[in-house]
Amino acid sequence: MSQLADRILQLPRVSKRVIALAVDTTLCLAAVAITYYLRLGEFIMPTGRQWLSYLLAVVFSLPLFISFGLYRAIFRHAGWGAFRVILQACVIYGIAYAAVFTLVGIDTIPRTTGIIQPILLLLLIAGARAIARFILGGRYRQILRRETRRAIVYGAGSAGRQLAAALISAHEMQVVGFVDDDNLLQGSTLDGRPIYPLSKLPGIVTKLRVSDVLLAIPSASRSRRNEIIQQIQELPVVIRTLPAVLDLAHGRVTINDLRELDIEDLLGREPVRPSEELLQRKIHGKVVMVTGAGGSIGSELSRQILQLRPRALLLVDMSEYNLYSIHHELASATLENEVHLVPLLVSVCDEARMRAVFAAYAPETIYHAAAYKHVPMVESNQLEGIRNNVFGTCCTVRLAMQHGARDFVLISTDKAVRPTSMMGTTKRVAEQALQAMAAEGSETVLSMVRFGNVLGSSGSVVPLFRQQIKKGGPVTVTDARITRYFMTIPEAAQLVLQAGAMATGGEVFVLDMGEPIKIYDLARRMIELSGLIVRDAQNPDGDIAIEYVGLRNGEKLFEELLIGDNPIPTFHPRILKAHDAFRPWTELSIDLAQLEHSVANGDTAEARAILLALVPEYEGTGAGSDLIEMANGSIAAPMARAGLLSSGLSIPRA
């Protein structure tokens, strides 16, 4: 019987419905046959019009049962509600059947058939459903007990109670108890399940075979959540959480609210709180432009700017897909906020097209996020990195000044501080250009915002680590000593908006981001928060190993935010101003012209030499690895000798 139940439970739903229809058809015909037996005292072979009693029983019953949804019900969950629907369907069926065979009557068919058969059919259908519930439901519960994940809910308050109730109803997890910090609750029970102190959780996890800890503490502060996570993360459990209390204000807690821990939970510190006055100052009621609007930072900037209700928001990006994505996302919100949303497919290096944009829309505030930022990619495509990061910036800021923009904010990076990569070097030269232009007395307020790595952005280690963990590892770290400053995407966008509002001209703003985080510790934390064990010398039977793959070209062990010392504080407690030296515009402009000429001629070596001379604090090797330059020596020459280039075959670009 158990094997039969297992086979039925494993069938597709369509197959189960076909079986139910076949069973009900058989029961309907059997009810007619039993009716004749009860009326005549023997089973008979129907003849003549007696076949109508069989045919009409099926024709009346099955369409009616389908319309009442009897075959949408899951038999293993059938309860009194399902039997009530069966009763209603059978009553209507009985009225129709009795009208034909009892009220009207048909020769050779006893009139009592119209009364007895519907009663028998009700008993047979209800009995069949009860048997299915008994057999399949019992077996299903056994499977659930064997396969269902066992969870502890952290938090015995309202959110915890609602979450536990939702889990019990959905049969997706078995709640075996609660953990709460309240001494008055510890030792008591909630809905028959014990409430434990946090100190007993390690023993409970082992004793009760707990697989998940669900944080139902939406009102807890970030610091308290981090303390709890710190104590739980070494246990072999998956940690999931409910959203913040404001997100739960308009409805009951459900299992759909459960999700992986926030990226902020990996940060290990409280996010920087924004100043609303600073956020509003340079945006509300103005025409605002965001370049690189489809990127990680640009898209978050655009989201937050839209909420601050500018008069118009210009989304500039050269990637059609990225521009479509952010425009499509924001389009529905523009009606509510009455913001003119303008998607502009253009490269910041295309001066003619950018000039037309400035002339048409006259942006007042520009946030320049357009840049190539992936270190290995820029290292392998150095001329394009210089063209986009240096001259794309110079083009945009020059047009902003010519068309009377009030504010221009450059989004920079900590990789511009004593850079070891071409990407960081190009960003430092872009910073110098703005500093030099501002020193010349520009009416447009020029400023820069420099911050560290952004958790969750494209190219960030967090999405990479999550993907590697889902695949079973290994998780790859470049070096055991490597550290990075981290912030969240919303933090980064808020910093840009607030720092830009404080600018008076030429400032390089940096965020006090606390202590840097070791990438190894971040990888280990993510593995442990997934309920897995790191495989290392101490745990050779662990789940996922962390492997070291070595520093990539241009990558550095330690990032910095300041080139000089003694940063200048601002009235925002977490925003500082760097004091970085730069060359005057009269000198810098000459070098930039030479650099632009080298890029236009495709001379990677000369362009790199000029660029590195502009950034004396460069700490890299200076070795070039531009893929096109390499291909010209390793691929083009052999192909030319083979006579392939003359045939029109082109070398694909890297």
# chains A, B, ... in the order shown; residues from 1 in each chain; ligands from 1
call {"tool": "residues_around", "arguments": {"residues": "Lys200 in chain A", "least_positions_apart": "4", "cutoff": "12 Å", "atoms": "only C-alpha atoms", "output": "list in words"}}
result
Ile152, Gly177, Phe178, Val179, Asp180, Asp181, Gln186, Gly187, Pro194, Ile195, Tyr196, Ile204, Val205, Thr206, Lys207, Leu208, Gln231 and Ile232 of chain A
call {"tool": "residues_around", "arguments": {"residues": "Glu507 in chain A", "least_positions_apart": "4", "cutoff": "7 Å", "atoms": "only C-alpha atoms", "output": "JSON, numbers by chain"}}
result
{"A": [447, 448, 503, 577]}
call {"tool": "closest_residue", "arguments": {"among": "A:Val213, A:Leu185, A:Met318, A:Val429", "to": "Pro616 in chain A", "atoms": "only C-alpha atoms"}}
result
A:Val429
call {"tool": "residues_around", "arguments": {"residues": "Glu276 in chain A", "least_positions_apart": "2", "cutoff": "12 Å", "atoms": "only C-alpha atoms", "output": "list in words"}}
result
Arg273, Pro274, Leu278, Leu279, Gln280, Arg281, Lys282, Ile283, His284, Gln304, Ile305, Gln307, Leu308, Gln494, Leu495, Leu497, Gln498, Ala501 and His572 of chain A
call {"tool": "atom_distance", "arguments": {"atom1": "CA of Leu314 in chain A", "atom2": "CA of Met289 in chain A"}}
result
4.5 Å
call {"tool": "atom_distance", "arguments": {"atom1": "CA of Ala416 in chain A", "atom2": "CA of Asp521 in chain A"}}
result
24.6 Å
call {"tool": "select_by_dssp", "arguments": {"residues": "range 433-529 of chain A", "states": "strand (DSSP E)", "output": "list in words"}}
result
Val445, Leu446, Ser447, Met448, Val449, Arg450, Phe451, Asn453, Val454, Leu455, Val475, Thr476, Val477, Thr483, Arg484, Phe486, Met487, Thr488, Glu507, Val508, Phe509, Val510, Leu511, Ile517 and Lys518 of chain A
call {"tool": "closest_residue", "arguments": {"among": "A:Ala20, A:Leu446, A:Val397, A:Leu383", "to": "Val409 in chain A", "atoms": "only C-alpha atoms"}}
result
A:Leu446
call {"tool": "atom_distance", "arguments": {"atom1": "CA of Gln432 in chain A", "atom2": "CA of Leu576 in chain A"}}
result
18.1 Å
call {"tool": "closest_residue", "arguments": {"among": "A:Gln435, A:Thr426, A:Ser299, A:Ser219", "to": "Asp580 in chain A", "atoms": "only C-alpha atoms"}}
result
A:Gln435
call {"tool": "residues_around", "arguments": {"residues": "range 468-481 of chain A", "least_positions_apart": "3", "cutoff": "8 Å", "atoms": "only C-alpha atoms", "output": "PyMOL selection string"}}
result
chain A and resi 464-465+518-520+523+527+543-552+557
call {"tool": "closest_residue", "arguments": {"among": "A:Thr365, A:Leu522, A:Glu619, A:Tyr372", "to": "Gly500 in chain A", "atoms": "only C-alpha atoms"}}
result
A:Thr365
call {"tool": "residues_around", "arguments": {"residues": "Leu434 in chain A", "least_positions_apart": "5", "cutoff": "12 Å", "atoms": "only C-alpha atoms", "output": "PyMOL selection string"}}
result
chain A and resi 368+390-391+393-398+400-401+407-412+427-429+439-442+444-449+505-508+582-585+588-589
call {"tool": "write_last_selection", "arguments": {"atoms": "N, CA, C and O atoms", "output": "short mmCIF file (atom, residue, chain, number, x, y, z; two decimals), in the first residue's frame"}}
result
data_model
loop_
_atom_site.label_atom_id
_atom_site.label_comp_id
_atom_site.auth_asym_id
_atom_site.auth_seq_id
_atom_site.Cartn_x
_atom_site.Cartn_y
_atom_site.Cartn_z
N HIS A 368 28.35 62.02 -12.64
CA HIS A 368 29.09 61.32 -13.69
C HIS A 368 29.56 59.95 -13.16
O HIS A 368 30.60 59.84 -12.52
N VAL A 390 39.10 58.89 -18.73
CA VAL A 390 39.73 60.21 -18.68
C VAL A 390 39.01 61.20 -19.60
O VAL A 390 38.48 62.22 -19.15
N PHE A 391 38.96 60.86 -20.89
CA PHE A 391 38.44 61.84 -21.85
C PHE A 391 36.92 61.87 -21.90
O PHE A 391 36.34 62.90 -22.25
N THR A 393 35.24 61.74 -19.15
CA THR A 393 35.01 62.67 -18.03
C THR A 393 35.30 64.10 -18.44
O THR A 393 34.52 65.02 -18.17
N CYS A 394 36.44 64.31 -19.11
CA CYS A 394 36.80 65.67 -19.52
C CYS A 394 35.77 66.25 -20.48
O CYS A 394 35.41 67.44 -20.39
N CYS A 395 35.28 65.42 -21.41
CA CYS A 395 34.27 65.88 -22.36
C CYS A 395 33.01 66.31 -21.63
O CYS A 395 32.46 67.40 -21.88
N THR A 396 32.55 65.49 -20.70
CA THR A 396 31.30 65.77 -20.00
C THR A 396 31.42 67.01 -19.11
O THR A 396 30.52 67.86 -19.07
N VAL A 397 32.50 67.13 -18.36
CA VAL A 397 32.65 68.27 -17.46
C VAL A 397 32.85 69.56 -18.25
O VAL A 397 32.36 70.63 -17.87
N ARG A 398 33.54 69.48 -19.39
CA ARG A 398 33.73 70.67 -20.21
C ARG A 398 32.39 71.18 -20.76
O ARG A 398 32.09 72.38 -20.73
N ALA A 400 29.48 70.58 -19.40
CA ALA A 400 28.70 71.07 -18.26
C ALA A 400 29.06 72.52 -17.95
O ALA A 400 28.18 73.35 -17.67
N MET A 401 30.34 72.84 -18.00
CA MET A 401 30.78 74.21 -17.72
C MET A 401 30.32 75.16 -18.83
O MET A 401 29.87 76.28 -18.56
N ASP A 407 26.24 72.15 -10.90
CA ASP A 407 27.03 71.18 -10.11
C ASP A 407 27.42 70.00 -10.99
O ASP A 407 26.63 69.51 -11.80
N PHE A 408 28.64 69.53 -10.78
CA PHE A 408 29.14 68.34 -11.46
C PHE A 408 29.85 67.48 -10.42
O PHE A 408 30.80 67.95 -9.78
N VAL A 409 29.39 66.25 -10.25
CA VAL A 409 29.96 65.34 -9.26
C VAL A 409 30.52 64.11 -9.98
O VAL A 409 29.80 63.42 -10.69
N LEU A 410 31.81 63.87 -9.80
CA LEU A 410 32.47 62.70 -10.38
C LEU A 410 32.47 61.56 -9.37
O LEU A 410 32.90 61.74 -8.22
N ILE A 411 32.00 60.40 -9.78
CA ILE A 411 32.06 59.22 -8.93
C ILE A 411 33.41 58.56 -9.14
O ILE A 411 33.73 58.10 -10.24
N SER A 412 34.24 58.55 -8.10
CA SER A 412 35.58 57.98 -8.19
C SER A 412 35.67 56.73 -7.32
O SER A 412 34.65 56.20 -6.88
N LYS A 427 41.26 56.84 -13.23
CA LYS A 427 40.34 57.56 -12.34
C LYS A 427 41.08 58.67 -11.58
O LYS A 427 40.51 59.74 -11.32
N ARG A 428 42.33 58.45 -11.22
CA ARG A 428 43.09 59.50 -10.54
C ARG A 428 43.36 60.68 -11.48
O ARG A 428 43.28 61.85 -11.07
N VAL A 429 43.64 60.39 -12.75
CA VAL A 429 43.85 61.47 -13.71
C VAL A 429 42.55 62.25 -13.90
O VAL A 429 42.56 63.49 -14.01
N ALA A 439 40.17 74.76 -9.74
CA ALA A 439 41.12 75.78 -9.26
C ALA A 439 41.20 76.97 -10.20
O ALA A 439 41.63 78.06 -9.80
N GLU A 440 40.79 76.79 -11.46
CA GLU A 440 40.79 77.88 -12.43
C GLU A 440 39.64 78.85 -12.21
O GLU A 440 39.54 79.87 -12.89
N GLY A 441 38.70 78.50 -11.30
CA GLY A 441 37.59 79.39 -11.00
C GLY A 441 36.34 79.10 -11.79
O GLY A 441 35.64 80.03 -12.22
N SER A 442 36.02 77.83 -11.95
CA SER A 442 34.82 77.45 -12.69
C SER A 442 33.55 77.88 -11.96
O SER A 442 33.45 77.76 -10.74
N THR A 444 30.77 76.37 -12.52
CA THR A 444 30.17 75.07 -12.18
C THR A 444 30.94 74.49 -11.00
O THR A 444 32.17 74.39 -11.02
N VAL A 445 30.20 74.12 -9.95
CA VAL A 445 30.84 73.54 -8.76
C VAL A 445 31.24 72.10 -9.09
O VAL A 445 30.39 71.24 -9.31
N LEU A 446 32.56 71.86 -9.12
CA LEU A 446 33.09 70.54 -9.46
C LEU A 446 33.55 69.83 -8.19
O LEU A 446 34.25 70.43 -7.37
N SER A 447 33.16 68.56 -8.04
CA SER A 447 33.59 67.79 -6.86
C SER A 447 33.69 66.33 -7.24
O SER A 447 33.19 65.89 -8.27
N MET A 448 34.36 65.58 -6.37
CA MET A 448 34.56 64.16 -6.57
C MET A 448 34.17 63.41 -5.31
O MET A 448 34.35 63.92 -4.20
N VAL A 449 33.66 62.21 -5.48
CA VAL A 449 33.31 61.36 -4.34
C VAL A 449 34.04 60.04 -4.51
O VAL A 449 33.89 59.36 -5.53
N GLY A 505 33.59 73.43 -4.53
CA GLY A 505 34.45 73.42 -5.70
C GLY A 505 35.79 72.79 -5.45
O GLY A 505 36.54 73.25 -4.58
N GLY A 506 36.08 71.69 -6.18
CA GLY A 506 37.39 71.06 -6.12
C GLY A 506 37.59 70.03 -5.03
O GLY A 506 38.68 69.47 -4.91
N GLU A 507 36.57 69.75 -4.22
CA GLU A 507 36.75 68.81 -3.10
C GLU A 507 36.79 67.35 -3.59
O GLU A 507 36.13 66.99 -4.56
N VAL A 508 37.57 66.55 -2.88
CA VAL A 508 37.53 65.09 -3.02
C VAL A 508 36.95 64.55 -1.72
O VAL A 508 37.61 64.60 -0.66
N PHE A 582 47.59 68.26 -6.81
CA PHE A 582 47.31 68.14 -8.25
C PHE A 582 48.13 69.19 -9.00
O PHE A 582 48.62 70.17 -8.42
N ARG A 583 48.27 68.98 -10.31
CA ARG A 583 49.02 69.92 -11.14
C ARG A 583 48.08 71.00 -11.66
O ARG A 583 46.91 70.75 -11.92
N PRO A 584 48.58 72.22 -11.84
CA PRO A 584 47.72 73.29 -12.38
C PRO A 584 47.27 72.96 -13.80
O PRO A 584 47.94 72.24 -14.54
N TRP A 585 46.13 73.54 -14.18
CA TRP A 585 45.51 73.21 -15.46
C TRP A 585 46.42 73.60 -16.64
O TRP A 585 46.43 72.91 -17.67
N LEU A 588 48.67 70.57 -16.82
CA LEU A 588 47.94 69.31 -17.01
C LEU A 588 47.31 69.24 -18.40
O LEU A 588 47.29 68.18 -19.03
N SER A 589 46.78 70.36 -18.88
CA SER A 589 46.10 70.35 -20.17
C SER A 589 47.04 69.97 -21.30
O SER A 589 46.63 69.31 -22.27
#
call {"tool": "residues_around", "arguments": {"residues": "Ala159 in chain A", "least_positions_apart": "3", "cutoff": "8 Å", "atoms": "only C-alpha atoms", "output": "PDB file with C-alpha atoms, in the first residue's frame"}}
result
ATOM      1  CA  GLY A 155      11.957  35.906  18.118  1.00  0.00           C
ATOM      2  CA  ALA A 156       8.818  34.909  20.011  1.00  0.00           C
ATOM      3  CA  GLN A 162       2.867  34.816  12.542  1.00  0.00           C
ATOM      4  CA  LEU A 163       5.827  33.280  10.752  1.00  0.00           C
ATOM      5  CA  ALA A 216      11.910  37.132  13.068  1.00  0.00           C
ATOM      6  CA  ILE A 217      13.204  40.269  14.785  1.00  0.00           C
ATOM      7  CA  PRO A 218      12.253  43.055  12.358  1.00  0.00           C
ATOM      8  CA  VAL A 253       4.017  37.875   7.929  1.00  0.00           C
TER       9      VAL A 253
END
call {"tool": "closest_residue", "arguments": {"among": "A:Ala293, A:Ala22, A:Leu627, A:Leu122", "to": "Glu379 in chain A", "atoms": "only C-alpha atoms"}}
result
A:Leu627
call {"tool": "residues_around", "arguments": {"residues": "range 83-88 of chain A", "least_positions_apart": "2", "cutoff": "10 Å", "atoms": "only C-alpha atoms", "output": "number ranges by chain"}}
result
A: 65, 68-70, 78-81, 90-94, 119, 122-123, 125-127, 129-130
call {"tool": "closest_residue", "arguments": {"among": "A:Met437, A:Glu606, A:Leu52, A:Ala220", "to": "Glu587 in chain A", "atoms": "only C-alpha atoms"}}
result
A:Met437
